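Containing compact mmCIF, C-alpha atoms: query06.txt.
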```
# COMPACT_ATOMS: atom_id res chain seq x y z
CA MET A 1 -3.26 -24.69 -49.88
CA GLN A 2 -2.04 -26.37 -46.74
CA ASN A 3 -1.91 -24.35 -43.54
CA HIS A 4 1.34 -24.47 -41.62
CA PHE A 5 0.27 -23.11 -38.26
CA GLY A 6 3.37 -24.35 -36.45
CA HIS A 7 5.66 -22.26 -38.64
CA ARG A 8 3.43 -19.20 -38.25
CA LEU A 9 3.33 -19.58 -34.48
CA LYS A 10 7.09 -20.09 -34.35
CA MET A 11 7.64 -16.92 -36.38
CA LEU A 12 5.27 -14.95 -34.11
CA HIS A 13 7.15 -16.26 -31.07
CA CYS A 14 10.54 -15.39 -32.59
CA CYS A 15 9.38 -11.86 -33.47
CA THR A 16 7.98 -11.37 -29.96
CA ASP A 17 11.11 -12.76 -28.32
CA GLN A 18 13.35 -10.54 -30.45
CA ALA A 19 11.28 -7.44 -29.63
CA MET A 20 11.64 -8.27 -25.92
CA THR A 21 15.38 -8.86 -26.21
CA ASN A 22 15.84 -5.60 -28.13
CA ALA A 23 13.90 -3.67 -25.48
CA LEU A 24 15.95 -5.22 -22.67
CA ALA A 25 19.31 -4.72 -24.38
CA GLU A 26 19.83 -1.46 -22.50
CA MET A 27 19.90 -3.53 -19.29
CA GLU A 28 22.08 -6.18 -20.96
CA LEU A 29 19.35 -8.80 -20.56
CA THR A 30 17.83 -11.37 -22.86
CA SER A 31 14.15 -12.13 -23.05
CA ALA A 32 14.68 -15.40 -21.15
CA GLN A 33 16.53 -13.61 -18.34
CA GLY A 34 13.79 -10.97 -18.17
CA HIS A 35 11.08 -13.61 -17.84
CA ILE A 36 12.96 -15.26 -14.98
CA LEU A 37 13.25 -11.91 -13.19
CA VAL A 38 9.50 -11.31 -13.57
CA TYR A 39 8.85 -14.79 -12.18
CA LEU A 40 11.10 -14.06 -9.20
CA SER A 41 9.39 -10.73 -8.54
CA HIS A 42 6.01 -12.47 -8.27
CA ARG A 43 7.24 -15.06 -5.78
CA GLN A 44 6.62 -14.63 -2.05
CA ASP A 45 9.50 -16.96 -1.21
CA ALA A 46 12.92 -17.41 -2.81
CA PRO A 47 12.74 -20.38 -5.18
CA CYS A 48 15.51 -22.83 -5.94
CA PRO A 49 16.89 -23.46 -9.44
CA LYS A 50 14.84 -26.66 -9.71
CA ASP A 51 11.65 -24.57 -9.45
CA ILE A 52 12.75 -22.50 -12.46
CA GLU A 53 13.60 -25.65 -14.41
CA GLU A 54 10.09 -27.00 -13.82
CA VAL A 55 8.15 -23.76 -14.38
CA PHE A 56 9.95 -22.81 -17.60
CA HIS A 57 10.58 -26.37 -18.83
CA LEU A 58 14.32 -25.75 -19.08
CA SER A 59 17.25 -28.08 -18.52
CA HIS A 60 19.50 -27.81 -15.49
CA PRO A 61 22.50 -26.55 -17.53
CA THR A 62 20.34 -23.88 -19.20
CA VAL A 63 19.00 -22.62 -15.86
CA SER A 64 22.48 -22.71 -14.31
CA GLY A 65 23.83 -20.56 -17.14
CA LEU A 66 20.94 -18.07 -16.98
CA LEU A 67 21.23 -17.72 -13.21
CA SER A 68 25.01 -17.42 -13.31
CA ARG A 69 24.82 -14.54 -15.77
CA LEU A 70 22.06 -12.82 -13.77
CA GLU A 71 24.13 -13.14 -10.61
CA LYS A 72 27.26 -11.73 -12.29
CA LYS A 73 25.22 -8.75 -13.47
CA GLU A 74 23.88 -8.30 -9.90
CA PHE A 75 20.20 -8.86 -10.72
CA ILE A 76 19.99 -11.79 -8.29
CA ALA A 77 21.86 -13.36 -5.38
CA ILE A 78 22.08 -17.12 -4.92
CA LYS A 79 22.42 -18.14 -1.29
CA PRO A 80 22.26 -21.44 0.61
CA ASP A 81 18.89 -22.22 2.19
CA GLU A 82 18.98 -21.53 5.94
CA ASN A 83 17.36 -24.89 6.75
CA ASP A 84 18.90 -27.07 4.05
CA LYS A 85 22.46 -26.15 3.06
CA ARG A 86 22.25 -28.49 0.03
CA CYS A 87 19.59 -26.23 -1.49
CA LYS A 88 20.38 -22.82 -2.94
CA ARG A 89 17.75 -20.06 -3.00
CA ILE A 90 17.47 -17.31 -5.61
CA HIS A 91 16.92 -13.81 -4.23
CA LEU A 92 15.93 -10.85 -6.37
CA LEU A 93 18.16 -7.81 -5.86
CA PRO A 94 17.03 -4.18 -6.36
CA LYS A 95 18.48 -4.14 -9.88
CA GLY A 96 16.35 -7.20 -10.70
CA GLU A 97 13.27 -5.56 -9.25
CA ALA A 98 13.81 -2.56 -11.52
CA CYS A 99 13.76 -4.89 -14.51
CA HIS A 100 10.30 -6.08 -13.50
CA GLN A 101 8.75 -2.70 -14.29
CA ARG A 102 10.54 -2.49 -17.65
CA MET A 103 9.37 -6.00 -18.55
CA HIS A 104 5.75 -5.04 -17.91
CA GLU A 105 6.15 -1.97 -20.12
CA VAL A 106 7.68 -4.07 -22.91
CA ILE A 107 4.96 -6.71 -22.61
CA GLN A 108 2.29 -4.02 -22.97
CA GLU A 109 4.08 -2.52 -25.98
CA THR A 110 4.45 -5.94 -27.60
CA GLU A 111 0.81 -6.87 -26.97
CA THR A 112 -0.35 -3.61 -28.57
CA ARG A 113 1.94 -4.08 -31.55
CA ARG A 114 0.93 -7.73 -32.04
CA ILE A 115 -2.73 -6.87 -32.62
CA GLN A 116 -2.18 -3.56 -34.39
CA GLY A 117 -4.91 -3.08 -36.98
CA PHE A 118 -7.20 -5.69 -35.38
CA THR A 119 -10.72 -4.73 -34.44
CA ALA A 120 -11.69 -5.43 -30.82
CA GLU A 121 -13.68 -8.42 -32.06
CA GLU A 122 -10.73 -9.76 -34.08
CA ALA A 123 -8.42 -9.40 -31.07
CA GLU A 124 -10.89 -11.32 -28.88
CA THR A 125 -11.28 -14.04 -31.52
CA PHE A 126 -7.49 -14.27 -31.93
CA ALA A 127 -7.05 -14.70 -28.17
CA ARG A 128 -9.81 -17.29 -27.95
CA LEU A 129 -8.39 -19.32 -30.86
CA LEU A 130 -4.86 -19.21 -29.44
CA ASP A 131 -6.20 -20.39 -26.06
CA ARG A 132 -8.09 -23.26 -27.66
CA ALA A 133 -5.08 -24.32 -29.77
CA THR A 134 -2.88 -24.24 -26.65
CA GLN A 135 -5.37 -26.40 -24.74
CA ASN A 136 -5.68 -28.79 -27.70
CA MET A 137 -1.94 -29.37 -27.46
CA GLY A 138 -2.11 -30.01 -23.70
CA GLY A 139 -0.68 -26.64 -22.70
CA THR A 140 -1.67 -24.45 -19.81
CA LEU A 141 -2.95 -20.90 -20.08
CA ARG A 142 -1.61 -19.65 -16.76
CA HIS A 143 1.50 -17.54 -16.36
CA PRO A 144 4.51 -19.24 -14.75
CA TRP A 145 4.04 -17.25 -11.52
CA GLN A 146 0.37 -18.16 -11.14
CA LYS A 147 -0.45 -21.12 -8.96
CA GLU A 148 -2.36 -23.98 -10.53
CA GLU A 149 -6.00 -23.99 -9.55
CA LYS A 150 -7.02 -27.12 -7.72
CA THR A 151 -10.19 -28.85 -8.82
CA THR A 152 -12.22 -30.81 -6.33
```

Mind turning the file's structure into structure tokens?
Amino acid sequence: MQNHFGHRLKMLHCCTDQAMTNALAEMELTSAQGHILVYLSHRQDAPCPKDIEEVFHLSHPTVSGLLSRLEKKEFIAIKPDENDKRCKRIHLLPKGEACHQRMHEVIQETETRRIQGFTAEEAETFARLLDRATQNMGGTLRHPWQKEEKTT
């Protein structure tokens, strides 16, 4: 029997994404919007849309649409940069900050559910194998809000 890991991983991702979207529905947010709000809450400075495009590997129109909806729902404010009026900065509003806590709760719930029935050893092996597969494909293991470690 041939293993189809890609399909399995895609299904796991879809289930996880749907669980996140369902949990955030009460705030009228999608999983993608929630992840952007978490990213913003971990930033010391207000990023520009281009930063979000690069961190999340999204197109300009996709980011524009996500940000526009978040602004209409008053989770963020988009304002011109004080030093460069051509650049717009994304500022997290109190409503967006409140989402950050809910996202962390949902992430914890999802993580627990994902490995339900696993022994501690199986969970560790699962994590290690996922990490290795990600690295094999050229991916990074850091969260979008973590800075890349510099090697000397």

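Distance-wise, CA of Leu37 in chain A and CA of Cys99 in chain A end up 7.2 Å apart.
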
Query - Point-to-point distance in Å for CA of Ala23 in chain A and CA of Val106 in chain A - result: 6.7 Å

Requested in this report: Find the residues around Leu24 in chain A up to 10 Å (only C-alpha atoms counted), leave out those fewer than 5 positions away in its own chain, and share them as a list in words.
Outcome: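 With the cut-off at 10 Å, the set is Gln18, Ala19, Leu29, Thr30, Ser31, Gln33, Gly34, Cys99, Arg102, Met103 and Val106 of chain A.
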
**Report entry** Residue nearest Gly6 in chain A among A:Asp84, A:Ile115, A:Pro49, A:Met137 (counting only C-alpha atoms)
**Finding:**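 Of A:Asp84, A:Ile115, A:Pro49, A:Met137, the one nearest Gly6 in chain A is A:Met137, counting only C-alpha atoms.
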
Query raised in the report: Given the choices A:His91, A:Arg113, A:Lys85, A:Arg43, which gets closest to Glu71 in chain A if the distance is worked out from only C-alpha atoms?
Result: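 Of A:His91, A:Arg113, A:Lys85, A:Arg43, the one nearest Glu71 in chain A, counting only C-alpha atoms, is A:His91.
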
Requested in this report: Considering only C-alpha atoms, state which residue in the set A:Glu74, A:Glu82, A:Asp17, A:Glu124 is at the smallest distance from Pro94 in chain A.
Outcome: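 Using only C-alpha atoms, the shortest distance to Pro94 in chain A belongs to A:Glu74.
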
Query raised in the report: From the set A:Cys15, A:Ser64, A:Ala77, A:Ala120, which residue has the shortest atom-to-atom contact distance to Ala46 in chain A, counting all atoms listed in the file?
Result: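 Result for the nearest residue to Ala46 in chain A: A:Ala77.
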
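CA of Val55 in chain A lies 17.1 Å from CA of Leu92 in chain A.
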
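The closest residue to Lys88 in chain A, picked from A:His60, A:His42, A:Lys50, A:Arg132 and counting only C-alpha atoms, is A:Lys50.
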
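If you measure from each of A:Leu93, A:Ala123, A:Ile78, A:Leu66 to Pro47 in chain A using all atoms listed in the file, the closest one turns out to be A:Ile78.
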
Show me, as a PDB file with C-alpha atoms, in the frame of the given file, the residues that have an atom within 12 Å of Asp45 in chain A when counting all atoms listed in the file, minus same-chain residues fewer than 5 positions from it.
```pdb
ATOM      1  CA  TYR A  39       8.850 -14.790 -12.180  1.00  0.00           C
ATOM      2  CA  LEU A  40      11.100 -14.060  -9.200  1.00  0.00           C
ATOM      3  CA  ASP A  51      11.650 -24.570  -9.450  1.00  0.00           C
ATOM      4  CA  ASP A  81      18.890 -22.220   2.190  1.00  0.00           C
ATOM      5  CA  ARG A  89      17.750 -20.060  -3.000  1.00  0.00           C
ATOM      6  CA  ILE A  90      17.470 -17.310  -5.610  1.00  0.00           C
ATOM      7  CA  HIS A  91      16.920 -13.810  -4.230  1.00  0.00           C
ATOM      8  CA  LEU A  92      15.930 -10.850  -6.370  1.00  0.00           C
ATOM      9  CA  TRP A 145       4.040 -17.250 -11.520  1.00  0.00           C
TER      10      TRP A 145
END
```
